[in-house]
Structures are given as C-alpha cells and as structure tokens.
$ cat coords-v2.cif   # mmCIF, C-alpha atoms
data_coords
loop_
_atom_site.group_PDB
_atom_site.id
_atom_site.type_symbol
_atom_site.label_atom_id
_atom_site.label_comp_id
_atom_site.auth_asym_id
_atom_site.auth_seq_id
_atom_site.Cartn_x
_atom_site.Cartn_y
_atom_site.Cartn_z
ATOM 1 C CA MET A 697 -8.760 4.455 18.888
ATOM 2 C CA LYS A 698 -8.690 1.435 16.575
ATOM 3 C CA VAL A 699 -6.493 1.702 13.496
ATOM 4 C CA LEU A 700 -6.981 -0.513 10.429
ATOM 5 C CA VAL A 701 -3.962 -1.000 8.165
ATOM 6 C CA PRO A 702 -4.454 -2.836 4.845
ATOM 7 C CA VAL A 703 -1.304 -4.575 3.566
ATOM 8 C CA LYS A 704 -0.698 -6.164 0.170
ATOM 9 C CA ARG A 705 1.603 -9.019 -0.860
ATOM 10 C CA VAL A 706 3.556 -7.991 -3.958
ATOM 11 C CA VAL A 707 6.664 -9.011 -5.871
ATOM 12 C CA ASP A 708 9.648 -7.770 -3.865
ATOM 13 C CA TYR A 709 10.894 -4.402 -5.115
ATOM 14 C CA ASN A 710 14.407 -5.814 -5.658
ATOM 15 C CA VAL A 711 13.149 -8.459 -8.106
ATOM 16 C CA LYS A 712 13.135 -7.892 -11.864
ATOM 17 C CA VAL A 713 9.574 -8.548 -12.999
ATOM 18 C CA ARG A 714 9.032 -11.033 -15.835
ATOM 19 C CA VAL A 715 6.007 -11.265 -18.111
ATOM 20 C CA LYS A 716 4.515 -14.710 -18.752
ATOM 21 C CA SER A 717 5.243 -16.160 -22.179
ATOM 22 C CA ASP A 718 1.550 -16.088 -23.109
ATOM 23 C CA GLY A 719 1.196 -12.430 -22.107
ATOM 24 C CA SER A 720 -1.512 -13.200 -19.566
ATOM 25 C CA GLY A 721 0.210 -11.506 -16.629
ATOM 26 C CA ILE A 722 3.319 -11.364 -14.444
ATOM 27 C CA ASP A 723 5.254 -14.552 -13.718
ATOM 28 C CA THR A 724 5.428 -15.013 -9.928
ATOM 29 C CA ALA A 725 6.623 -18.642 -9.884
ATOM 30 C CA GLY A 726 9.651 -18.923 -7.611
ATOM 31 C CA VAL A 727 9.741 -15.137 -7.154
ATOM 32 C CA LYS A 728 10.364 -13.504 -3.775
ATOM 33 C CA MET A 729 7.227 -11.812 -2.449
ATOM 34 C CA SER A 730 7.041 -9.233 0.312
ATOM 35 C CA MET A 731 4.871 -6.508 1.817
ATOM 36 C CA ASN A 732 4.180 -3.512 -0.386
ATOM 37 C CA PRO A 733 6.737 -0.850 0.714
ATOM 38 C CA PHE A 734 4.117 1.901 1.096
ATOM 39 C CA ASP A 735 2.109 -0.426 3.362
ATOM 40 C CA GLU A 736 5.187 -0.975 5.524
ATOM 41 C CA ILE A 737 5.273 2.767 6.082
ATOM 42 C CA ALA A 738 1.590 2.710 7.065
ATOM 43 C CA VAL A 739 2.211 -0.102 9.577
ATOM 44 C CA GLU A 740 5.167 1.768 11.050
ATOM 45 C CA GLU A 741 3.122 4.945 11.456
ATOM 46 C CA ALA A 742 0.282 3.043 13.134
ATOM 47 C CA VAL A 743 2.749 1.390 15.538
ATOM 48 C CA ARG A 744 4.189 4.802 16.400
ATOM 49 C CA LEU A 745 0.688 6.051 17.151
ATOM 50 C CA LYS A 746 0.230 3.134 19.530
ATOM 51 C CA GLU A 747 3.575 3.857 21.192
ATOM 52 C CA GLN A 748 2.349 7.432 21.713
ATOM 53 C CA ARG A 749 -0.837 5.981 23.280
ATOM 54 C CA VAL A 750 -2.935 7.557 20.543
ATOM 55 C CA ALA A 751 -3.973 4.200 19.078
ATOM 56 C CA SER A 752 -5.359 1.447 21.292
ATOM 57 C CA GLU A 753 -5.329 -1.424 18.777
ATOM 58 C CA ILE A 754 -3.836 -2.018 15.331
ATOM 59 C CA ILE A 755 -5.606 -4.442 13.006
ATOM 60 C CA VAL A 756 -3.831 -5.413 9.787
ATOM 61 C CA VAL A 757 -5.810 -6.856 6.902
ATOM 62 C CA SER A 758 -4.830 -8.422 3.602
ATOM 63 C CA VAL A 759 -6.980 -9.588 0.705
ATOM 64 C CA GLY A 760 -5.776 -12.582 -1.281
ATOM 65 C CA ILE A 761 -4.530 -16.147 -1.074
ATOM 66 C CA ASN A 762 -3.368 -17.935 2.081
ATOM 67 C CA ALA A 763 0.241 -16.962 1.373
ATOM 68 C CA CYS A 764 -0.755 -13.383 2.260
ATOM 69 C CA GLN A 765 -0.528 -14.477 5.886
ATOM 70 C CA ASP A 766 3.238 -14.003 5.495
ATOM 71 C CA VAL A 767 2.888 -10.241 5.140
ATOM 72 C CA LEU A 768 0.366 -10.190 7.976
ATOM 73 C CA ARG A 769 2.924 -11.939 10.211
ATOM 74 C CA THR A 770 5.504 -9.346 9.195
ATOM 75 C CA ALA A 771 3.114 -6.561 10.228
ATOM 76 C CA LEU A 772 2.371 -8.342 13.505
ATOM 77 C CA ALA A 773 6.106 -8.634 14.172
ATOM 78 C CA MET A 774 6.433 -4.877 13.599
ATOM 79 C CA GLY A 775 3.883 -4.255 16.353
ATOM 80 C CA ALA A 776 0.344 -4.763 15.043
ATOM 81 C CA ASP A 777 -2.034 -6.569 17.417
ATOM 82 C CA ARG A 778 -3.981 -8.937 15.181
ATOM 83 C CA GLY A 779 -4.535 -9.776 11.554
ATOM 84 C CA VAL A 780 -7.433 -10.506 9.235
ATOM 85 C CA LEU A 781 -7.108 -12.338 5.925
ATOM 86 C CA ILE A 782 -9.983 -11.905 3.498
ATOM 87 C CA ALA A 783 -9.429 -15.051 1.472
ATOM 88 C CA ALA A 784 -9.748 -14.649 -2.284
ATOM 89 C CA THR A 785 -8.104 -16.662 -5.043
ATOM 90 C CA GLU A 786 -8.737 -14.179 -7.844
ATOM 91 C CA THR A 787 -7.174 -10.740 -8.232
ATOM 92 C CA LEU A 788 -9.569 -8.126 -6.890
ATOM 93 C CA GLU A 789 -9.967 -4.646 -8.296
ATOM 94 C CA PRO A 790 -9.560 -1.530 -6.105
ATOM 95 C CA LEU A 791 -13.314 -0.928 -5.818
ATOM 96 C CA ALA A 792 -13.931 -4.488 -4.612
ATOM 97 C CA VAL A 793 -11.101 -4.173 -2.080
ATOM 98 C CA ALA A 794 -12.509 -0.833 -0.905
ATOM 99 C CA LYS A 795 -15.944 -2.394 -0.384
ATOM 100 C CA LEU A 796 -14.433 -5.238 1.633
ATOM 101 C CA LEU A 797 -12.477 -2.770 3.755
ATOM 102 C CA LYS A 798 -15.616 -0.701 4.314
ATOM 103 C CA ALA A 799 -17.430 -3.781 5.645
ATOM 104 C CA LEU A 800 -14.486 -4.581 7.928
ATOM 105 C CA VAL A 801 -14.351 -0.985 9.189
ATOM 106 C CA ALA A 802 -18.019 -1.254 10.173
ATOM 107 C CA ARG A 803 -17.543 -4.642 11.845
ATOM 108 C CA GLU A 804 -14.478 -3.588 13.847
ATOM 109 C CA ILE A 805 -15.693 -0.029 14.608
ATOM 110 C CA VAL A 806 -12.473 1.520 13.323
ATOM 111 C CA GLN A 807 -11.699 5.227 13.769
ATOM 112 C CA LEU A 808 -8.710 5.501 11.422
ATOM 113 C CA VAL A 809 -7.591 3.692 8.272
ATOM 114 C CA MET A 810 -3.880 4.083 7.560
ATOM 115 C CA MET A 811 -2.748 2.614 4.236
ATOM 116 C CA GLY A 812 -0.058 2.908 1.580
ATOM 117 C CA LYS A 813 -0.812 5.413 -1.168
ATOM 118 C CA GLN A 814 -0.410 2.717 -3.845
ATOM 119 C CA ALA A 815 0.863 -0.796 -4.492
ATOM 120 C CA ILE A 816 4.051 -1.180 -6.518
ATOM 121 C CA ASP A 817 2.637 -4.028 -8.618
ATOM 122 C CA ASP A 818 -0.115 -2.065 -10.376
ATOM 123 C CA ASP A 819 0.458 1.545 -9.178
ATOM 124 C CA MET A 820 -3.324 2.042 -9.098
ATOM 125 C CA ASN A 821 -3.357 4.659 -6.312
ATOM 126 C CA ALA A 822 -7.120 4.237 -6.069
ATOM 127 C CA THR A 823 -8.173 2.043 -3.135
ATOM 128 C CA GLY A 824 -7.660 4.653 -0.414
ATOM 129 C CA GLN A 825 -9.612 7.322 -2.260
ATOM 130 C CA MET A 826 -12.403 4.890 -3.124
ATOM 131 C CA LEU A 827 -12.617 3.711 0.483
ATOM 132 C CA ALA A 828 -12.900 7.286 1.770
ATOM 133 C CA GLY A 829 -15.568 7.990 -0.834
ATOM 134 C CA ILE A 830 -17.820 5.053 -0.013
ATOM 135 C CA LEU A 831 -17.340 5.551 3.736
ATOM 136 C CA GLY A 832 -18.099 9.254 3.446
ATOM 137 C CA TRP A 833 -14.934 9.991 5.466
ATOM 138 C CA PRO A 834 -12.399 12.793 4.938
ATOM 139 C CA GLN A 835 -9.093 11.716 3.410
ATOM 140 C CA GLY A 836 -5.488 12.839 3.566
ATOM 141 C CA THR A 837 -3.464 11.339 0.716
ATOM 142 C CA PHE A 838 0.308 11.214 0.070
ATOM 143 C CA ALA A 839 1.031 11.959 3.738
ATOM 144 C CA SER A 840 4.599 12.949 4.641
ATOM 145 C CA LYS A 841 3.671 13.938 8.223
ATOM 146 C CA VAL A 842 0.744 12.955 10.436
ATOM 147 C CA VAL A 843 -0.265 14.427 13.800
ATOM 148 C CA ILE A 844 -3.272 12.927 15.601
ATOM 149 C CA THR A 845 -5.140 14.638 18.426
ATOM 150 C CA ALA A 846 -8.332 13.545 20.173
ATOM 151 C CA ASP A 847 -10.657 14.082 17.226
ATOM 152 C CA THR A 848 -8.504 15.575 14.454
ATOM 153 C CA ALA A 849 -5.750 14.389 12.139
ATOM 154 C CA THR A 850 -3.400 17.014 10.706
ATOM 155 C CA VAL A 851 -1.784 15.700 7.538
ATOM 156 C CA THR A 852 1.055 17.272 5.595
ATOM 157 C CA ARG A 853 0.766 15.937 2.071
ATOM 158 C CA GLU A 854 3.060 16.101 -0.939
ATOM 159 C CA VAL A 855 1.532 17.746 -4.007
ATOM 160 C CA ASP A 856 2.986 18.883 -7.327
ATOM 161 C CA SER A 857 3.517 22.438 -6.081
ATOM 162 C CA GLY A 858 5.140 21.441 -2.775
ATOM 163 C CA LEU A 859 3.537 20.660 0.587
ATOM 164 C CA GLU A 860 -0.060 21.097 1.648
ATOM 165 C CA THR A 861 -1.415 20.732 5.191
ATOM 166 C CA VAL A 862 -4.987 19.622 5.793
ATOM 167 C CA ALA A 863 -6.961 19.019 8.980
ATOM 168 C CA LEU A 864 -9.309 16.022 8.979
ATOM 169 C CA ALA A 865 -12.080 15.294 11.440
ATOM 170 C CA LEU A 866 -11.827 11.690 12.622
ATOM 171 C CA PRO A 867 -12.747 9.071 11.544
ATOM 172 C CA ALA A 868 -10.644 9.447 8.399
ATOM 173 C CA VAL A 869 -8.569 7.650 5.755
ATOM 174 C CA ILE A 870 -4.868 8.509 5.424
ATOM 175 C CA THR A 871 -2.578 7.197 2.674
ATOM 176 C CA THR A 872 1.166 7.250 3.297
ATOM 177 C CA ASP A 873 4.030 8.465 1.132
ATOM 178 C CA LEU A 874 7.720 7.547 1.195
ATOM 179 C CA ARG A 875 8.979 10.382 3.395
ATOM 180 C CA LEU A 876 6.565 9.791 6.268
ATOM 181 C CA ASN A 877 8.919 7.501 8.206
ATOM 182 C CA GLU A 878 11.533 4.749 8.030
ATOM 183 C CA PRO A 879 9.940 1.345 8.790
ATOM 184 C CA ARG A 880 11.615 -0.650 11.556
ATOM 185 C CA TYR A 881 13.099 -4.096 11.217
ATOM 186 C CA ALA A 882 11.262 -6.667 13.302
ATOM 187 C CA SER A 883 13.491 -8.128 16.018
ATOM 188 C CA LEU A 884 13.758 -11.895 16.438
ATOM 189 C CA PRO A 885 11.794 -11.885 19.735
ATOM 190 C CA ASN A 886 8.993 -9.916 18.035
ATOM 191 C CA VAL A 887 8.996 -12.333 15.110
ATOM 192 C CA MET A 888 8.563 -15.202 17.556
ATOM 193 C CA ARG A 889 5.762 -13.377 19.413
ATOM 194 C CA ALA A 890 4.028 -12.647 16.103
ATOM 195 C CA ARG A 891 3.564 -16.379 15.559
ATOM 196 C CA LYS A 892 1.210 -16.453 18.541
ATOM 197 C CA LYS A 893 -0.835 -13.411 17.508
ATOM 198 C CA PRO A 894 -4.217 -14.263 15.970
ATOM 199 C CA ILE A 895 -4.998 -14.120 12.262
ATOM 200 C CA GLU A 896 -8.664 -14.475 11.391
ATOM 201 C CA VAL A 897 -9.483 -15.903 7.958
ATOM 202 C CA ILE A 898 -12.822 -14.902 6.466
ATOM 203 C CA ALA A 899 -14.431 -15.131 3.031
ATOM 204 C CA PRO A 900 -15.687 -12.063 1.131
ATOM 205 C CA HIS A 901 -19.281 -13.319 1.260
ATOM 206 C CA GLU A 902 -19.115 -13.270 5.071
ATOM 207 C CA LEU A 903 -18.781 -9.507 4.794
ATOM 208 C CA GLY A 904 -21.707 -9.338 2.406
ATOM 209 C CA VAL A 905 -19.644 -7.954 -0.475
ATOM 210 C CA GLU A 906 -20.018 -8.799 -4.166
ATOM 211 C CA HIS A 907 -16.518 -8.841 -5.655
ATOM 212 C CA SER A 908 -16.961 -10.200 -9.166
ATOM 213 C CA PRO A 909 -14.325 -8.691 -11.501
ATOM 214 C CA ARG A 910 -15.469 -6.014 -13.916
ATOM 215 C CA LEU A 911 -12.215 -5.647 -15.820
ATOM 216 C CA THR A 912 -10.442 -8.128 -18.090
ATOM 217 C CA VAL A 913 -6.705 -8.104 -18.772
ATOM 218 C CA VAL A 914 -6.324 -8.465 -22.529
ATOM 219 C CA ASN A 915 -2.543 -8.633 -22.741
ATOM 220 C CA VAL A 916 0.580 -7.797 -20.750
ATOM 221 C CA THR A 917 3.798 -6.800 -22.510
ATOM 222 C CA GLU A 918 7.198 -5.563 -21.405
ATOM 223 C CA PRO A 919 8.134 -1.940 -22.135
ATOM 224 C CA ALA A 920 10.023 -1.380 -25.383
ATOM 225 C CA ARG A 921 13.781 -1.534 -24.936
ATOM 226 C CA ARG A 922 15.486 1.831 -25.021
ATOM 227 C CA ALA A 923 18.702 2.512 -26.880
ATOM 228 C CA ALA A 924 21.837 2.463 -24.754
ATOM 229 C CA GLY A 925 23.273 5.755 -23.592
ATOM 230 C CA ILE A 926 26.519 7.198 -24.978
ATOM 231 C CA LYS A 927 29.379 9.226 -23.563
ATOM 232 C CA VAL A 928 30.465 12.545 -25.038
ATOM 233 C CA LYS A 929 33.929 14.065 -24.798
ATOM 234 C CA SER A 930 32.957 17.636 -24.001
ATOM 235 C CA VAL A 931 30.169 19.973 -23.030
ATOM 236 C CA GLN A 932 30.260 21.450 -26.508
ATOM 237 C CA GLU A 933 29.625 18.035 -28.061
ATOM 238 C CA LEU A 934 26.765 17.463 -25.620
ATOM 239 C CA VAL A 935 25.186 20.781 -26.611
ATOM 240 C CA GLU A 936 25.534 19.979 -30.310
ATOM 241 C CA ARG A 937 23.920 16.563 -29.891
ATOM 242 C CA LEU A 938 21.075 18.041 -27.868
ATOM 243 C CA ARG A 939 20.502 20.626 -30.564
ATOM 244 C CA LYS A 940 20.609 18.235 -33.523
ATOM 245 C CA GLU A 941 19.287 14.943 -32.126
ATOM 246 C CA ALA A 942 17.156 15.741 -29.089
ATOM 247 C CA LYS A 943 16.092 19.146 -30.481
ATOM 248 C CA VAL A 944 15.779 20.653 -27.030
ATOM 249 C CA ILE A 945 17.812 23.780 -27.640
#

$ encode --input "coords-v2.cif" --output "structure tokens"
Amino acid sequence: MKVLVPVKRVVDYNVKVRVKSDGSGIDTAGVKMSMNPFDEIAVEEAVRLKEQRVASEIIVVSVGINACQDVLRTALAMGADRGVLIAATETLEPLAVAKLLKALVAREIVQLVMMGKQAIDDDMNATGQMLAGILGWPQGTFASKVVITADTATVTREVDSGLETVALALPAVITTDLRLNEPRYASLPNVMRARKKPIEVIAPHELGVEHSPRLTVVNVTEPARRAAGIKVKSVQELVERLRKEAKVI
C-alpha cells in the first residue's frame, strides 16, 4: 500500500510571529522555519505503518518554494522513501493544494493519504476535508488512533463530546491530531541517508491543475494586547472581583 503524506514548511512553533510593518503578511525574514507539527505526526504514523509492513512505500509531498525541500529531507530522514516538491512561488489556498494532491494521488496510485489536521500558520483545517471530497474518498479527521487492516482503516477521532470511532473503506484520507503519536528524532545516519533519497521537483501545470488565487489578503494585524493579570490575597477577594468585574457569579 502506498501512503502519501503532505508536509508544509511553516514558522517554527517556538518563534514569536511578527507582522510586517505594512500589514501585508507575516515577516519570515531570518526566522526559523520547520515542518508543521501535525504533519510530523502524520509522517511518524506512516513510518510506523511501514514498520508494521502495512505500508509498502511512503511518498512525502510539499507545495511551495525550493526551501520546502528542507522539510522533505526531514521527513525522508524520519523514514519516508521519496519526496515530491510541487514548486510554487505564491501562497496557495487549500482548494488549490487539494487539487494538486488529487492529481498526485492519481499519478502515484496511492491507497492512503495521511496528513496533519491543520497547519499552525493559518489554522485552516480544510485541505484534508477538501481532498477527500474531490477524491470521493471516506475521511477520518482528528485521528488519535489508527488501525489499518487489508482494506479498512479504523480511526478513533477526537470530537467535542469525547471520542468517536469510525471504520473507513480504503482508499481513504486521514488527518492526524496531537495525541496520535510522538514523532521520532531522526538519527544522524538517517539524516545522511536522506541526502541520497530522491526528491522530484514538478510544476503545478505538469499536473494539469489551475491554481490561480481566489482570495486576497487585505490586511494583517496583531491581536489587541490584553491587560496584565493581577494577584489577589484571598479566595474571598477573588470571588468579589469575579462578581463585580467579570460578572460571572
């Protein structure tokens, strides 16, 4: 079974994001970039499936500039077999990314797409659902446990009311949540081996996909600063403040 894992290059989660002075977007100059944490979980789960001999090949794909090859190399060092970079200089919207992934799924004859539930830069949480919709495949989102058999994926997913378990007929799309696994650190020998693994670079038009943007960012601003917290001397004072100021009692 071939598994396709999309990975996105984002500002590292430890970095404080800065807005450009002209409000046109996020300032990434000189900022540490890394793989989206939810995508790391997806890569780890795919590698575990290969270690269990459920998956035969893991293909990682990223959409963006040439620097995205860094996150592909990271995924290859974790255990993926080969990478594909769909080269694009502009920021693509979830629907365009989903269409590109659909074309790649058809070209590679993939049976399972394992991907992060969302990217931490825009928190869209849309690409996986859109991909499943245009493929006509079943989907299991927010997965905290995945069990794959010959032709079925059983997914335990986190919902507002607790946990829900669904059975999906393969091929399917699964999006991963935080509690699914703990991604491994790539060892130095694996990092060195990853340098020799192939990364194919293709253009969107080679997949026959129109990806012109349909949305325009008007302005980006930082959230309003909140007032600093205060300390109270007793529970009674806390209750009084909640009653008078927060009006929650």

$ resolve_selection --input "coords-v2.cif" --expression "the PyMOL selection byres ((chain A and resi 864-872) around 6)" --output "PyMOL selection string"
chain A and resi 738+807-813+828+833-839+847-849+863+873

$ residues_around --input "coords-v2.cif" --residues "segment 780-792 of chain A" --least-positions-apart "2" --cutoff "6 Å" --atoms "all atoms listed in the file" --output "PyMOL selection string"
chain A and resi 757-761+794-795+823+895-899+907

$ resolve_selection --input "coords-v2.cif" --expression "the PyMOL selection byres ((chain A and resi 706-716) around 7)" --output "MDAnalysis selection string"
chainID A and resid 704:705 717:723 727:732 817 916:918

$ closest_residue --input "coords-v2.cif" --among "A:Leu797, A:Val756, A:Ile844, A:Leu768" --to "Met697 of chain A" --atoms "all atoms listed in the file"
A:Ile844

$ residues_near_point --input "coords-v2.cif" --point "(-5.1, 13.1, 22.7)" --cutoff "7 Å" --atoms "all atoms listed in the file" --output "list in words"
Val750, Thr845 and Ala846 of chain A

$ closest_residue --input "coords-v2.cif" --among "A:Asp856, A:Thr724, A:Gly775, A:Asp766" --to "Val701 of chain A" --atoms "only C-alpha atoms"
A:Gly775

$ residues_around --input "coords-v2.cif" --residues "Ala751 of chain A" --least-positions-apart "2" --cutoff "8 Å" --atoms "all atoms listed in the file" --output "compact mmCIF listing (two decimals) with C-alpha atoms, in the frame of the given file"
# COMPACT_ATOMS: atom_id res chain seq x y z
CA MET A 697 -8.76 4.46 18.89
CA LYS A 698 -8.69 1.44 16.58
CA VAL A 699 -6.49 1.70 13.50
CA ALA A 742 0.28 3.04 13.13
CA LEU A 745 0.69 6.05 17.15
CA LYS A 746 0.23 3.13 19.53
CA GLU A 747 3.58 3.86 21.19
CA GLN A 748 2.35 7.43 21.71
CA ARG A 749 -0.84 5.98 23.28
CA GLU A 753 -5.33 -1.42 18.78
CA ILE A 754 -3.84 -2.02 15.33

$ residues_around --input "coords-v2.cif" --residues "Met774 of chain A" --least-positions-apart "2" --cutoff "8 Å" --atoms "all atoms listed in the file" --output "tab-separated table (two decimals) with C-alpha atoms, in the frame of the given file"
chain	number	residue	atom	x	y	z
A	739	VAL	CA	2.21	-0.10	9.58
A	740	GLU	CA	5.17	1.77	11.05
A	743	VAL	CA	2.75	1.39	15.54
A	770	THR	CA	5.50	-9.35	9.20
A	771	ALA	CA	3.11	-6.56	10.23
A	772	LEU	CA	2.37	-8.34	13.50
A	776	ALA	CA	0.34	-4.76	15.04
A	880	ARG	CA	11.62	-0.65	11.56
A	881	TYR	CA	13.10	-4.10	11.22
A	882	ALA	CA	11.26	-6.67	13.30
A	886	ASN	CA	8.99	-9.92	18.04
